file run06.pdb (PDB, C-alpha atoms)
ATOM      1  CA  MET Q   1     -52.503  80.286  33.088
ATOM      2  CA  LYS Q   2     -55.560  79.778  30.908
ATOM      3  CA  TYR Q   3     -56.116  81.983  27.902
ATOM      4  CA  ARG Q   4     -58.901  82.221  25.389
ATOM      5  CA  ALA Q   5     -57.707  82.668  21.825
ATOM      6  CA  LYS Q   6     -60.110  83.935  19.192
ATOM      7  CA  ILE Q   7     -58.891  83.092  15.722
ATOM      8  CA  GLU Q   8     -61.035  84.696  13.031
ATOM      9  CA  VAL Q   9     -60.505  83.138   9.626
ATOM     10  CA  SER Q  10     -61.870  85.075   6.647
ATOM     11  CA  LEU Q  11     -61.480  84.860   2.896
ATOM     12  CA  LYS Q  12     -58.802  87.018   1.284
ATOM     13  CA  PRO Q  13     -60.163  89.822  -0.895
ATOM     14  CA  GLY Q  14     -60.953  88.637  -4.412
ATOM     15  CA  HIS Q  15     -62.186  85.198  -3.379
ATOM     16  CA  THR Q  16     -65.858  84.499  -3.955
ATOM     17  CA  ASP Q  17     -67.877  84.141  -0.775
ATOM     18  CA  PRO Q  18     -71.029  82.241  -1.822
ATOM     19  CA  GLU Q  19     -72.445  82.195   1.708
ATOM     20  CA  GLY Q  20     -71.930  85.951   2.014
ATOM     21  CA  ASN Q  21     -73.567  86.546  -1.371
ATOM     22  CA  THR Q  22     -76.586  84.419  -0.487
ATOM     23  CA  THR Q  23     -76.948  86.159   2.868
ATOM     24  CA  GLN Q  24     -76.799  89.528   1.124
ATOM     25  CA  ARG Q  25     -79.495  88.492  -1.350
ATOM     26  CA  LEU Q  26     -81.741  87.204   1.434
ATOM     27  CA  LEU Q  27     -81.277  90.379   3.491
ATOM     28  CA  LYS Q  28     -82.171  92.444   0.433
ATOM     29  CA  GLU Q  29     -85.285  90.329  -0.089
ATOM     30  CA  LEU Q  30     -86.236  91.109   3.513
ATOM     31  CA  GLY Q  31     -85.990  94.808   2.656
ATOM     32  CA  TYR Q  32     -82.575  95.758   4.080
ATOM     33  CA  SER Q  33     -80.157  97.766   1.991
ATOM     34  CA  VAL Q  34     -76.825  96.055   2.595
ATOM     35  CA  ASP Q  35     -73.779  96.799   0.468
ATOM     36  CA  ALA Q  36     -71.587  93.801   1.181
ATOM     37  CA  VAL Q  37     -71.696  90.715   3.351
ATOM     38  CA  ASN Q  38     -68.700  88.583   4.236
ATOM     39  CA  VAL Q  39     -68.886  85.484   6.339
ATOM     40  CA  SER Q  40     -65.954  84.393   8.446
ATOM     41  CA  LYS Q  41     -65.378  81.619  10.936
ATOM     42  CA  THR Q  42     -64.155  82.178  14.463
ATOM     43  CA  TYR Q  43     -62.428  79.490  16.501
ATOM     44  CA  ASN Q  44     -62.619  80.126  20.254
ATOM     45  CA  ILE Q  45     -59.882  78.035  21.800
ATOM     46  CA  GLN Q  46     -59.002  77.642  25.474
ATOM     47  CA  ILE Q  47     -55.267  77.199  25.780
ATOM     48  CA  GLU Q  48     -52.824  76.751  28.587
ATOM     49  CA  ALA Q  49     -49.823  79.083  28.326
ATOM     50  CA  THR Q  50     -47.424  80.955  30.587
ATOM     51  CA  THR Q  51     -47.938  84.442  29.153
ATOM     52  CA  ALA Q  52     -50.322  86.151  26.751
ATOM     53  CA  LYS Q  53     -47.442  86.432  24.286
ATOM     54  CA  ASP Q  54     -46.857  82.689  24.465
ATOM     55  CA  ALA Q  55     -50.607  82.054  24.006
ATOM     56  CA  LYS Q  56     -50.588  84.266  20.908
ATOM     57  CA  ALA Q  57     -47.600  82.415  19.441
ATOM     58  CA  LYS Q  58     -49.376  79.079  19.973
ATOM     59  CA  ALA Q  59     -52.586  80.362  18.399
ATOM     60  CA  GLU Q  60     -50.602  81.699  15.433
ATOM     61  CA  GLU Q  61     -49.034  78.267  14.945
ATOM     62  CA  MET Q  62     -52.444  76.540  15.125
ATOM     63  CA  ALA Q  63     -53.834  78.933  12.530
ATOM     64  CA  LYS Q  64     -50.902  78.282  10.206
ATOM     65  CA  ARG Q  65     -50.829  74.522  10.643
ATOM     66  CA  LEU Q  66     -54.530  73.698  10.721
ATOM     67  CA  LEU Q  67     -57.150  76.430  10.726
ATOM     68  CA  ALA Q  68     -56.314  78.774   7.867
ATOM     69  CA  ASN Q  69     -55.455  77.982   4.278
ATOM     70  CA  PRO Q  70     -52.659  80.377   3.225
ATOM     71  CA  THR Q  71     -53.839  80.384  -0.381
ATOM     72  CA  LYS Q  72     -57.240  81.836   0.351
ATOM     73  CA  ASP Q  73     -57.566  82.790   4.023
ATOM     74  CA  ASN Q  74     -56.569  85.707   6.224
ATOM     75  CA  TYR Q  75     -56.702  85.372   9.979
ATOM     76  CA  THR Q  76     -56.663  87.671  12.990
ATOM     77  CA  ILE Q  77     -55.926  86.553  16.521
ATOM     78  CA  THR Q  78     -57.112  88.072  19.797
ATOM     79  CA  ILE Q  79     -56.041  86.752  23.177
ATOM     80  CA  GLU Q  80     -57.970  87.221  26.426
ATOM     81  CA  GLU Q  81     -57.073  86.013  29.863
ATOM     82  CA  GLN Q  82     -59.583  83.439  31.051
ATOM     83  CA  LYS Q  83     -61.608  84.404  34.116
TER      84      LYS Q  83
ATOM     85  CA  MET L   1     -73.360 107.069   6.934
ATOM     86  CA  LYS L   2     -71.856 103.660   6.319
ATOM     87  CA  TYR L   3     -71.350 101.261   9.194
ATOM     88  CA  ARG L   4     -69.844  97.841   9.460
ATOM     89  CA  ALA L   5     -71.799  95.460  11.657
ATOM     90  CA  LYS L   6     -70.138  92.317  12.950
ATOM     91  CA  ILE L   7     -72.711  89.767  14.025
ATOM     92  CA  GLU L   8     -71.120  86.771  15.715
ATOM     93  CA  VAL L   9     -73.447  83.803  15.923
ATOM     94  CA  SER L  10     -72.427  81.008  18.291
ATOM     95  CA  LEU L  11     -74.124  77.931  19.713
ATOM     96  CA  LYS L  12     -75.815  78.272  23.104
ATOM     97  CA  PRO L  13     -74.094  76.343  25.884
ATOM     98  CA  GLY L  14     -75.226  72.718  26.012
ATOM     99  CA  HIS L  15     -75.501  72.303  22.253
ATOM    100  CA  THR L  16     -73.059  69.909  20.635
ATOM    101  CA  ASP L  17     -70.505  71.588  18.399
ATOM    102  CA  PRO L  18     -69.210  68.800  16.123
ATOM    103  CA  GLU L  19     -66.888  71.127  14.218
ATOM    104  CA  GLY L  20     -65.416  72.405  17.476
ATOM    105  CA  ASN L  21     -64.946  68.872  18.760
ATOM    106  CA  THR L  22     -63.220  67.720  15.586
ATOM    107  CA  THR L  23     -60.950  70.789  15.614
ATOM    108  CA  GLN L  24     -60.061  70.081  19.240
ATOM    109  CA  ARG L  25     -59.196  66.447  18.418
ATOM    110  CA  LEU L  26     -57.043  67.495  15.457
ATOM    111  CA  LEU L  27     -55.207  70.142  17.506
ATOM    112  CA  LYS L  28     -54.542  67.512  20.188
ATOM    113  CA  GLU L  29     -53.194  65.142  17.543
ATOM    114  CA  LEU L  30     -50.843  67.930  16.452
ATOM    115  CA  GLY L  31     -49.559  68.083  20.043
ATOM    116  CA  TYR L  32     -51.404  71.121  21.430
ATOM    117  CA  SER L  33     -53.117  70.909  24.795
ATOM    118  CA  VAL L  34     -56.410  72.660  24.215
ATOM    119  CA  ASP L  35     -59.255  72.469  26.718
ATOM    120  CA  ALA L  36     -62.208  73.508  24.633
ATOM    121  CA  VAL L  37     -62.865  74.653  21.090
ATOM    122  CA  ASN L  38     -66.018  76.406  19.928
ATOM    123  CA  VAL L  39     -66.645  77.478  16.392
ATOM    124  CA  SER L  40     -68.825  80.449  15.616
ATOM    125  CA  LYS L  41     -69.783  82.287  12.466
ATOM    126  CA  THR L  42     -69.313  85.993  11.953
ATOM    127  CA  TYR L  43     -71.304  88.014   9.431
ATOM    128  CA  ASN L  44     -69.566  91.249   8.436
ATOM    129  CA  ILE L  45     -72.256  93.446   6.959
ATOM    130  CA  GLN L  46     -71.921  96.926   5.477
ATOM    131  CA  ILE L  47     -75.044  98.876   6.240
ATOM    132  CA  GLU L  48     -76.292 102.359   5.566
ATOM    133  CA  ALA L  49     -77.688 104.045   8.686
ATOM    134  CA  THR L  50     -77.995 107.504  10.200
ATOM    135  CA  THR L  51     -76.389 106.751  13.578
ATOM    136  CA  ALA L  52     -74.445 103.900  15.167
ATOM    137  CA  LYS L  53     -77.493 103.217  17.362
ATOM    138  CA  ASP L  54     -79.686 102.893  14.284
ATOM    139  CA  ALA L  55     -77.114 100.573  12.664
ATOM    140  CA  LYS L  56     -77.118  98.392  15.771
ATOM    141  CA  ALA L  57     -80.917  98.209  15.790
ATOM    142  CA  LYS L  58     -80.911  97.124  12.145
ATOM    143  CA  ALA L  59     -78.221  94.491  12.767
ATOM    144  CA  GLU L  60     -80.194  93.197  15.750
ATOM    145  CA  GLU L  61     -83.267  92.823  13.549
ATOM    146  CA  MET L  62     -81.259  90.997  10.840
ATOM    147  CA  ALA L  63     -79.876  88.597  13.440
ATOM    148  CA  LYS L  64     -83.346  87.881  14.797
ATOM    149  CA  ARG L  65     -85.060  87.526  11.442
ATOM    150  CA  LEU L  66     -82.425  85.644   9.455
ATOM    151  CA  LEU L  67     -79.000  84.963  10.889
ATOM    152  CA  ALA L  68     -79.514  83.395  14.313
ATOM    153  CA  ASN L  69     -81.823  80.570  15.329
ATOM    154  CA  PRO L  70     -83.284  81.507  18.746
ATOM    155  CA  THR L  71     -83.556  77.855  19.783
ATOM    156  CA  LYS L  72     -79.861  77.160  19.578
ATOM    157  CA  ASP L  73     -77.882  80.342  18.827
ATOM    158  CA  ASN L  74     -76.551  83.293  20.782
ATOM    159  CA  TYR L  75     -75.341  86.375  18.990
ATOM    160  CA  THR L  76     -73.268  89.432  19.754
ATOM    161  CA  ILE L  77     -73.199  92.585  17.655
ATOM    162  CA  THR L  78     -70.408  95.121  17.260
ATOM    163  CA  ILE L  79     -70.724  98.253  15.160
ATOM    164  CA  GLU L  80     -67.845 100.188  13.635
ATOM    165  CA  GLU L  81     -67.946 103.305  11.537
ATOM    166  CA  GLN L  82     -66.767 102.569   8.017
ATOM    167  CA  LYS L  83     -63.615 104.378   6.949
TER     168      LYS L  83
END
call {"tool": "encode", "arguments": {"input": "run06.pdb", "output": "structure tokens"}}
result
Amino acid sequence: MKYRAKIEVSLKPGHTDPEGNTTQRLLKELGYSVDAVNVSKTYNIQIEATTAKDAKAKAEEMAKRLLANPTKDNYTITIEEQK
Amino acid sequence: MKYRAKIEVSLKPGHTDPEGNTTQRLLKELGYSVDAVNVSKTYNIQIEATTAKDAKAKAEEMAKRLLANPTKDNYTITIEEQK
């Protein structure tokens, strides 16, 4: 079965997010009152797996081995069945 | 009230996603069979608004004015009440 894994990789709290800070400054300059802006990256991956649980385990492995840096990144995984 | 807007900006279909393609190649080299990889960017923004509807309208405006490029980007907005 085909599944769609969404792996959202974001910076752990305490790490500087220059892109988020710049975006916040620009939004303020446009007149919006925003308190905090964080930017994260989402990988949408189509994977072949037998069950949703299996798809989640694969996505978890991909995040650990390639997509997220354990020193500075957190990640969250959501799995959807592919239509 | 404080709300947390998640604005996910992704490439419109048909646009080349070099980062997605490279990630797909690397995942294949690591032995995973992945069919497609798309990378998108998510802005997590804390905004002050009176209602969730108002927060969504503001986030929509921010996406249009600054965060998404209408020629090549799609965006989706989700609003959560801030704990």
call {"tool": "resolve_selection", "arguments": {"input": "run06.pdb", "expression": "the PyMOL selection byres ((chain L and resi 45) around 10)", "output": "list in words"}}
result
Gly20, Thr23, Gln24, Val34, Asp35, Ala36, Val37, Asn38 and Val39 of chain Q; Tyr3, Arg4, Ala5, Lys6, Ile7, Thr42, Tyr43, Asn44, Gln46, Ile47, Glu48, Ala59 and Ile79 of chain L
call {"tool": "residues_around", "arguments": {"input": "run06.pdb", "residues": "Q:Ala52", "least_positions_apart": "4", "cutoff": "9 Å", "atoms": "all atoms listed in the file", "output": "ChimeraX atom specification"}}
result
/Q:1,3,56-57,79-81
call {"tool": "calpha_fit_and_write", "arguments": {"input": "run06.pdb", "fixed": "chain Q", "moving": "chain L", "output": "compact mmCIF listing (two decimals) with C-alpha atoms, in the coordinates of the input"}}
result
# COMPACT_ATOMS: atom_id res chain seq x y z
CA MET L 1 -52.49 80.29 33.08
CA LYS L 2 -55.54 79.78 30.92
CA TYR L 3 -56.13 81.98 27.91
CA ARG L 4 -58.89 82.22 25.39
CA ALA L 5 -57.70 82.68 21.83
CA LYS L 6 -60.12 83.93 19.19
CA ILE L 7 -58.88 83.09 15.72
CA GLU L 8 -61.04 84.68 13.03
CA VAL L 9 -60.50 83.14 9.63
CA SER L 10 -61.86 85.07 6.65
CA LEU L 11 -61.47 84.84 2.89
CA LYS L 12 -58.79 87.00 1.27
CA PRO L 13 -60.17 89.80 -0.90
CA GLY L 14 -60.94 88.62 -4.43
CA HIS L 15 -62.19 85.20 -3.39
CA THR L 16 -65.86 84.49 -3.97
CA ASP L 17 -67.88 84.14 -0.78
CA PRO L 18 -71.03 82.24 -1.83
CA GLU L 19 -72.45 82.20 1.70
CA GLY L 20 -71.93 85.95 2.00
CA ASN L 21 -73.57 86.54 -1.36
CA THR L 22 -76.59 84.42 -0.51
CA THR L 23 -76.95 86.16 2.87
CA GLN L 24 -76.79 89.53 1.13
CA ARG L 25 -79.50 88.50 -1.35
CA LEU L 26 -81.75 87.21 1.44
CA LEU L 27 -81.28 90.38 3.52
CA LYS L 28 -82.17 92.45 0.43
CA GLU L 29 -85.29 90.35 -0.09
CA LEU L 30 -86.23 91.11 3.52
CA GLY L 31 -85.99 94.82 2.67
CA TYR L 32 -82.57 95.75 4.09
CA SER L 33 -80.14 97.77 2.00
CA VAL L 34 -76.83 96.06 2.61
CA ASP L 35 -73.77 96.80 0.49
CA ALA L 36 -71.59 93.82 1.20
CA VAL L 37 -71.70 90.72 3.36
CA ASN L 38 -68.70 88.58 4.25
CA VAL L 39 -68.88 85.48 6.35
CA SER L 40 -65.95 84.39 8.45
CA LYS L 41 -65.36 81.62 10.94
CA THR L 42 -64.14 82.17 14.47
CA TYR L 43 -62.42 79.48 16.51
CA ASN L 44 -62.61 80.13 20.26
CA ILE L 45 -59.88 78.03 21.81
CA GLN L 46 -58.99 77.64 25.48
CA ILE L 47 -55.27 77.21 25.78
CA GLU L 48 -52.82 76.75 28.60
CA ALA L 49 -49.83 79.10 28.34
CA THR L 50 -47.42 80.96 30.59
CA THR L 51 -47.94 84.45 29.15
CA ALA L 52 -50.34 86.15 26.75
CA LYS L 53 -47.45 86.43 24.27
CA ASP L 54 -46.87 82.69 24.46
CA ALA L 55 -50.61 82.05 23.99
CA LYS L 56 -50.60 84.26 20.90
CA ALA L 57 -47.60 82.42 19.45
CA LYS L 58 -49.35 79.09 19.97
CA ALA L 59 -52.58 80.36 18.39
CA GLU L 60 -50.59 81.70 15.43
CA GLU L 61 -49.03 78.28 14.94
CA MET L 62 -52.44 76.55 15.13
CA ALA L 63 -53.83 78.93 12.53
CA LYS L 64 -50.90 78.29 10.20
CA ARG L 65 -50.82 74.53 10.64
CA LEU L 66 -54.52 73.70 10.71
CA LEU L 67 -57.14 76.42 10.73
CA ALA L 68 -56.32 78.78 7.86
CA ASN L 69 -55.45 77.96 4.27
CA PRO L 70 -52.66 80.38 3.22
CA THR L 71 -53.84 80.38 -0.40
CA LYS L 72 -57.24 81.83 0.34
CA ASP L 73 -57.57 82.79 4.02
CA ASN L 74 -56.58 85.70 6.22
CA TYR L 75 -56.70 85.38 9.97
CA THR L 76 -56.66 87.65 12.98
CA ILE L 77 -55.92 86.54 16.53
CA THR L 78 -57.10 88.06 19.79
CA ILE L 79 -56.06 86.76 23.19
CA GLU L 80 -57.98 87.23 26.42
CA GLU L 81 -57.12 86.03 29.88
CA GLN L 82 -59.62 83.43 31.04
CA LYS L 83 -61.67 84.40 34.07
call {"tool": "atom_distance", "arguments": {"input": "run06.pdb", "atom1": "atom CA of L:Lys53", "atom2": "atom CA of Q:Lys12"}}
result
29.5 Å
call {"tool": "atom_distance", "arguments": {"input": "run06.pdb", "atom1": "atom CA of Q:Lys72", "atom2": "atom CA of Q:Thr22"}}
result
19.5 Å
call {"tool": "atom_distance", "arguments": {"input": "run06.pdb", "atom1": "atom CA of Q:Thr50", "atom2": "atom CA of L:Lys28"}}
result
18.4 Å
call {"tool": "residues_near_point", "arguments": {"input": "run06.pdb", "point": "(-79.7, 92.3, 17.2)", "cutoff": "12 Å", "atoms": "only C-alpha atoms", "output": "PDB file with C-alpha atoms, in the frame of the given file"}}
result
ATOM      1  CA  ALA L   5     -71.799  95.460  11.657  1.00  0.00           C
ATOM      2  CA  LYS L   6     -70.138  92.317  12.950  1.00  0.00           C
ATOM      3  CA  ILE L   7     -72.711  89.767  14.025  1.00  0.00           C
ATOM      4  CA  GLU L   8     -71.120  86.771  15.715  1.00  0.00           C
ATOM      5  CA  VAL L   9     -73.447  83.803  15.923  1.00  0.00           C
ATOM      6  CA  LYS L  53     -77.493 103.217  17.362  1.00  0.00           C
ATOM      7  CA  ASP L  54     -79.686 102.893  14.284  1.00  0.00           C
ATOM      8  CA  ALA L  55     -77.114 100.573  12.664  1.00  0.00           C
ATOM      9  CA  LYS L  56     -77.118  98.392  15.771  1.00  0.00           C
ATOM     10  CA  ALA L  57     -80.917  98.209  15.790  1.00  0.00           C
ATOM     11  CA  LYS L  58     -80.911  97.124  12.145  1.00  0.00           C
ATOM     12  CA  ALA L  59     -78.221  94.491  12.767  1.00  0.00           C
ATOM     13  CA  GLU L  60     -80.194  93.197  15.750  1.00  0.00           C
ATOM     14  CA  GLU L  61     -83.267  92.823  13.549  1.00  0.00           C
ATOM     15  CA  MET L  62     -81.259  90.997  10.840  1.00  0.00           C
ATOM     16  CA  ALA L  63     -79.876  88.597  13.440  1.00  0.00           C
ATOM     17  CA  LYS L  64     -83.346  87.881  14.797  1.00  0.00           C
ATOM     18  CA  ARG L  65     -85.060  87.526  11.442  1.00  0.00           C
ATOM     19  CA  LEU L  66     -82.425  85.644   9.455  1.00  0.00           C
ATOM     20  CA  LEU L  67     -79.000  84.963  10.889  1.00  0.00           C
ATOM     21  CA  ALA L  68     -79.514  83.395  14.313  1.00  0.00           C
ATOM     22  CA  PRO L  70     -83.284  81.507  18.746  1.00  0.00           C
ATOM     23  CA  ASN L  74     -76.551  83.293  20.782  1.00  0.00           C
ATOM     24  CA  TYR L  75     -75.341  86.375  18.990  1.00  0.00           C
ATOM     25  CA  THR L  76     -73.268  89.432  19.754  1.00  0.00           C
ATOM     26  CA  ILE L  77     -73.199  92.585  17.655  1.00  0.00           C
ATOM     27  CA  THR L  78     -70.408  95.121  17.260  1.00  0.00           C
ATOM     28  CA  ILE L  79     -70.724  98.253  15.160  1.00  0.00           C
TER      29      ILE L  79
END
call {"tool": "axis_aligned_box", "arguments": {"input": "run06.pdb", "around": "stretch 73-76 of chain L", "padding_each_side": "6 Å", "output": "lines of an AutoDock Vina configuration file"}}
result
center_x = -75.6
center_y = 84.9
center_z = 19.8
size_x = 16.6
size_y = 21.1
size_z = 14.0
call {"tool": "closest_residue", "arguments": {"input": "run06.pdb", "among": "Q:Lys2, Q:Ser33, Q:Arg25, Q:Gly14", "to": "Q:Thr71", "atoms": "all atoms listed in the file"}}
result
Q:Gly14
call {"tool": "decode", "arguments": {"input": "run06.pdb", "residues": "stretch 9-76 of chain Q", "atoms": "C-alpha atoms", "output": "compact mmCIF listing (two decimals), in the first residue's frame"}}
result
# COMPACT_ATOMS: atom_id res chain seq x y z
CA VAL Q 9 11.82 19.04 10.97
CA SER Q 10 12.13 22.07 13.25
CA LEU Q 11 14.87 23.57 15.37
CA LYS Q 12 15.02 22.56 19.03
CA PRO Q 13 14.17 25.36 21.46
CA GLY Q 14 17.18 27.54 22.22
CA HIS Q 15 18.66 27.37 18.72
CA THR Q 16 18.71 30.61 16.77
CA ASP Q 17 16.39 30.65 13.78
CA PRO Q 18 17.73 33.44 11.54
CA GLU Q 19 15.09 32.86 8.86
CA GLY Q 20 12.33 33.03 11.48
CA ASN Q 21 13.80 36.22 12.95
CA THR Q 22 14.04 37.90 9.55
CA THR Q 23 10.49 36.88 8.69
CA GLN Q 24 9.29 38.30 12.00
CA ARG Q 25 11.07 41.60 11.34
CA LEU Q 26 9.62 41.84 7.84
CA LEU Q 27 6.10 41.07 9.07
CA LYS Q 28 6.47 43.76 11.71
CA GLU Q 29 7.62 46.22 9.05
CA LEU Q 30 4.45 45.38 7.12
CA GLY Q 31 2.45 46.35 10.21
CA TYR Q 32 1.60 42.95 11.73
CA SER Q 33 2.11 42.37 15.43
CA VAL Q 34 3.67 38.91 15.57
CA ASP Q 35 5.24 37.56 18.74
CA ALA Q 36 7.39 34.75 17.40
CA VAL Q 37 8.11 33.13 14.07
CA ASN Q 38 9.71 29.74 13.61
CA VAL Q 39 10.47 28.21 10.26
CA SER Q 40 10.49 24.47 9.80
CA LYS Q 41 10.93 22.18 6.84
CA THR Q 42 8.46 19.50 5.86
CA TYR Q 43 9.40 16.49 3.77
CA ASN Q 44 6.40 14.90 2.03
CA ILE Q 45 7.47 11.40 1.11
CA GLN Q 46 5.49 8.74 -0.76
CA ILE Q 47 6.45 5.35 0.60
CA GLU Q 48 5.44 1.80 -0.05
CA ALA Q 49 4.63 -0.12 3.13
CA THR Q 50 2.34 -2.89 4.32
CA THR Q 51 0.70 -1.04 7.21
CA ALA Q 52 0.55 2.52 8.52
CA LYS Q 53 2.64 1.38 11.49
CA ASP Q 54 5.32 0.04 9.15
CA ALA Q 55 5.23 3.30 7.14
CA LYS Q 56 5.73 5.28 10.35
CA ALA Q 57 8.69 3.12 11.38
CA LYS Q 58 10.31 3.67 7.97
CA ALA Q 59 9.73 7.42 8.13
CA GLU Q 60 11.20 7.50 11.64
CA GLU Q 61 14.32 5.73 10.37
CA MET Q 62 14.66 8.17 7.43
CA ALA Q 63 14.37 11.12 9.80
CA LYS Q 64 17.05 9.68 12.08
CA ARG Q 65 19.44 8.64 9.34
CA LEU Q 66 19.14 11.55 6.93
CA LEU Q 67 16.61 14.31 7.48
CA ALA Q 68 17.04 15.50 11.05
CA ASN Q 69 20.19 16.41 12.92
CA PRO Q 70 19.82 15.07 16.49
CA THR Q 71 21.96 17.87 17.91
CA LYS Q 72 19.67 20.66 16.82
CA ASP Q 73 16.47 19.29 15.27
CA ASN Q 74 13.15 17.94 16.51
CA TYR Q 75 10.86 16.11 14.14
CA THR Q 76 7.22 15.04 14.05
